[in-house]
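Quick look at run_34.cif (mmCIF, C-alpha atoms, pLDDT in the B column; chains and numbers go by the auth columns):
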data_work
loop_
_atom_site.group_PDB
_atom_site.id
_atom_site.type_symbol
_atom_site.label_atom_id
_atom_site.label_comp_id
_atom_site.label_asym_id
_atom_site.label_seq_id
_atom_site.Cartn_x
_atom_site.Cartn_y
_atom_site.Cartn_z
_atom_site.B_iso_or_equiv
_atom_site.auth_seq_id
_atom_site.auth_asym_id
ATOM 1 C CA MET A 1 -158.584 40.109 125.762 49.00 1 A
ATOM 2 C CA THR A 2 -155.055 41.369 126.222 59.00 2 A
ATOM 3 C CA GLU A 3 -153.632 44.470 124.651 74.00 3 A
ATOM 4 C CA HIS A 4 -150.544 44.221 122.503 76.00 4 A
ATOM 5 C CA SER A 5 -148.197 47.116 122.043 84.00 5 A
ATOM 6 C CA ARG A 6 -147.117 47.787 118.492 84.00 6 A
ATOM 7 C CA VAL A 7 -143.551 48.202 117.384 83.00 7 A
ATOM 8 C CA ASN A 8 -142.795 51.224 115.235 90.00 8 A
ATOM 9 C CA ILE A 9 -140.441 49.537 112.796 87.00 9 A
ATOM 10 C CA GLY A 10 -139.495 52.917 111.307 91.00 10 A
ATOM 11 C CA LYS A 11 -138.077 53.982 114.652 94.00 11 A
ATOM 12 C CA GLN A 12 -136.818 50.638 115.927 93.00 12 A
ATOM 13 C CA HIS A 13 -135.214 49.406 112.700 93.00 13 A
ATOM 14 C CA PRO A 14 -135.041 52.252 110.172 95.00 14 A
ATOM 15 C CA ALA A 15 -132.776 50.419 107.714 96.00 15 A
ATOM 16 C CA SER A 16 -135.164 47.451 107.580 93.00 16 A
ATOM 17 C CA TYR A 17 -138.124 49.777 107.132 93.00 17 A
ATOM 18 C CA GLN A 18 -136.410 51.577 104.258 95.00 18 A
ATOM 19 C CA ALA A 19 -135.610 48.227 102.624 95.00 19 A
ATOM 20 C CA LEU A 20 -139.264 47.146 102.873 90.00 20 A
ATOM 21 C CA LEU A 21 -140.384 50.442 101.395 92.00 21 A
ATOM 22 C CA ALA A 22 -137.937 50.078 98.517 95.00 22 A
ATOM 23 C CA LEU A 23 -139.157 46.526 97.872 92.00 23 A
ATOM 24 C CA SER A 24 -142.775 47.646 97.848 89.00 24 A
ATOM 25 C CA THR A 25 -142.027 50.519 95.484 93.00 25 A
ATOM 26 C CA THR A 26 -140.077 48.262 93.126 94.00 26 A
ATOM 27 C CA ALA A 27 -142.805 45.606 93.154 91.00 27 A
ATOM 28 C CA GLU A 28 -145.504 48.168 92.403 92.00 28 A
ATOM 29 C CA GLY A 29 -143.451 49.643 89.570 93.00 29 A
ATOM 30 C CA SER A 30 -142.816 46.205 88.086 95.00 30 A
ATOM 31 C CA ALA A 31 -146.496 45.303 88.324 94.00 31 A
ATOM 32 C CA ALA A 32 -147.454 48.543 86.579 93.00 32 A
ATOM 33 C CA ALA A 33 -144.851 47.961 83.857 96.00 33 A
ATOM 34 C CA ALA A 34 -146.292 44.465 83.328 97.00 34 A
ATOM 35 C CA GLY A 35 -149.728 45.994 82.863 96.00 35 A
ATOM 36 C CA LEU A 36 -151.305 44.564 86.009 96.00 36 A
ATOM 37 C CA ASP A 37 -154.391 46.291 87.322 95.00 37 A
ATOM 38 C CA PRO A 38 -153.490 48.410 90.396 93.00 38 A
ATOM 39 C CA LEU A 39 -156.527 46.963 92.201 95.00 39 A
ATOM 40 C CA LEU A 40 -155.179 43.444 91.699 94.00 40 A
ATOM 41 C CA VAL A 41 -151.804 44.520 93.083 91.00 41 A
ATOM 42 C CA GLU A 42 -153.511 46.011 96.138 91.00 42 A
ATOM 43 C CA LEU A 43 -155.527 42.826 96.689 92.00 43 A
ATOM 44 C CA VAL A 44 -152.347 40.734 96.557 89.00 44 A
ATOM 45 C CA LYS A 45 -150.689 43.044 99.099 86.00 45 A
ATOM 46 C CA ILE A 46 -153.693 42.711 101.415 89.00 46 A
ATOM 47 C CA ARG A 47 -153.577 38.925 101.076 89.00 47 A
ATOM 48 C CA LEU A 48 -149.885 38.895 101.929 83.00 48 A
ATOM 49 C CA VAL A 49 -150.432 41.027 105.008 81.00 49 A
ATOM 50 C CA LYS A 50 -153.341 38.874 106.204 83.00 50 A
ATOM 51 C CA GLY A 51 -151.258 35.738 105.661 77.00 51 A
ATOM 52 C CA GLY A 52 -148.674 37.003 108.117 65.00 52 A
ATOM 53 C CA GLY A 53 -145.965 34.964 106.475 58.00 53 A
ATOM 54 C CA ARG A 54 -147.723 31.651 107.147 62.00 54 A
ATOM 55 C CA ARG A 55 -147.155 28.945 104.564 62.00 55 A
ATOM 56 C CA GLY A 56 -149.547 26.299 103.416 58.00 56 A
ATOM 57 C CA ARG A 57 -152.765 28.148 104.143 51.00 57 A
#

Once more with this new file: its structure as structure tokens, please.
Amino acid sequence: MTEHSRVNIGKQHPASYQALLALSTTAEGSAAAAGLDPLLVELVKIRLVKGGGRRGR
């Protein structure tokens, strides 16, 4: 198995990282305002991360 180095997006692309953080914060706030269970929101976030942006799976 090969080792992969990780990119620290906060250091490499701070503006992009801040935009992702703002999006996440806004999405969580909107979900809370809509009355969604925080556990459901967390499960959706996990699913999105595991999907890795792949479509149709």

Between atom CA of A:Ile9 and atom CA of A:Ala32, distance in Å (one decimal): 27.2 Å

d(atom CA of A:Arg47, atom CA of A:Ala22) in Å: 19.4 Å

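Taking atom CA of A:Tyr17 and atom CA of A:Gly35 as endpoints, the distance between them is 27.2 Å.
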
First collect every listed atom of stretch 43-49 of chain A; then fit an axis-aligned box around them, widen it by 4 Å on each side, and give centre and edge lengths in Å to one decimal, as AutoDock Vina command-line options.
--center_x -152.7 --center_y 41.0 --center_z 100.8 --size_x 13.6 --size_y 12.1 --size_z 16.5

Residues matched by the PyMOL selection byres ((chain A and resi 28) around 12), written as a PyMOL selection string: chain A and resi 21-27+29-42+44-45
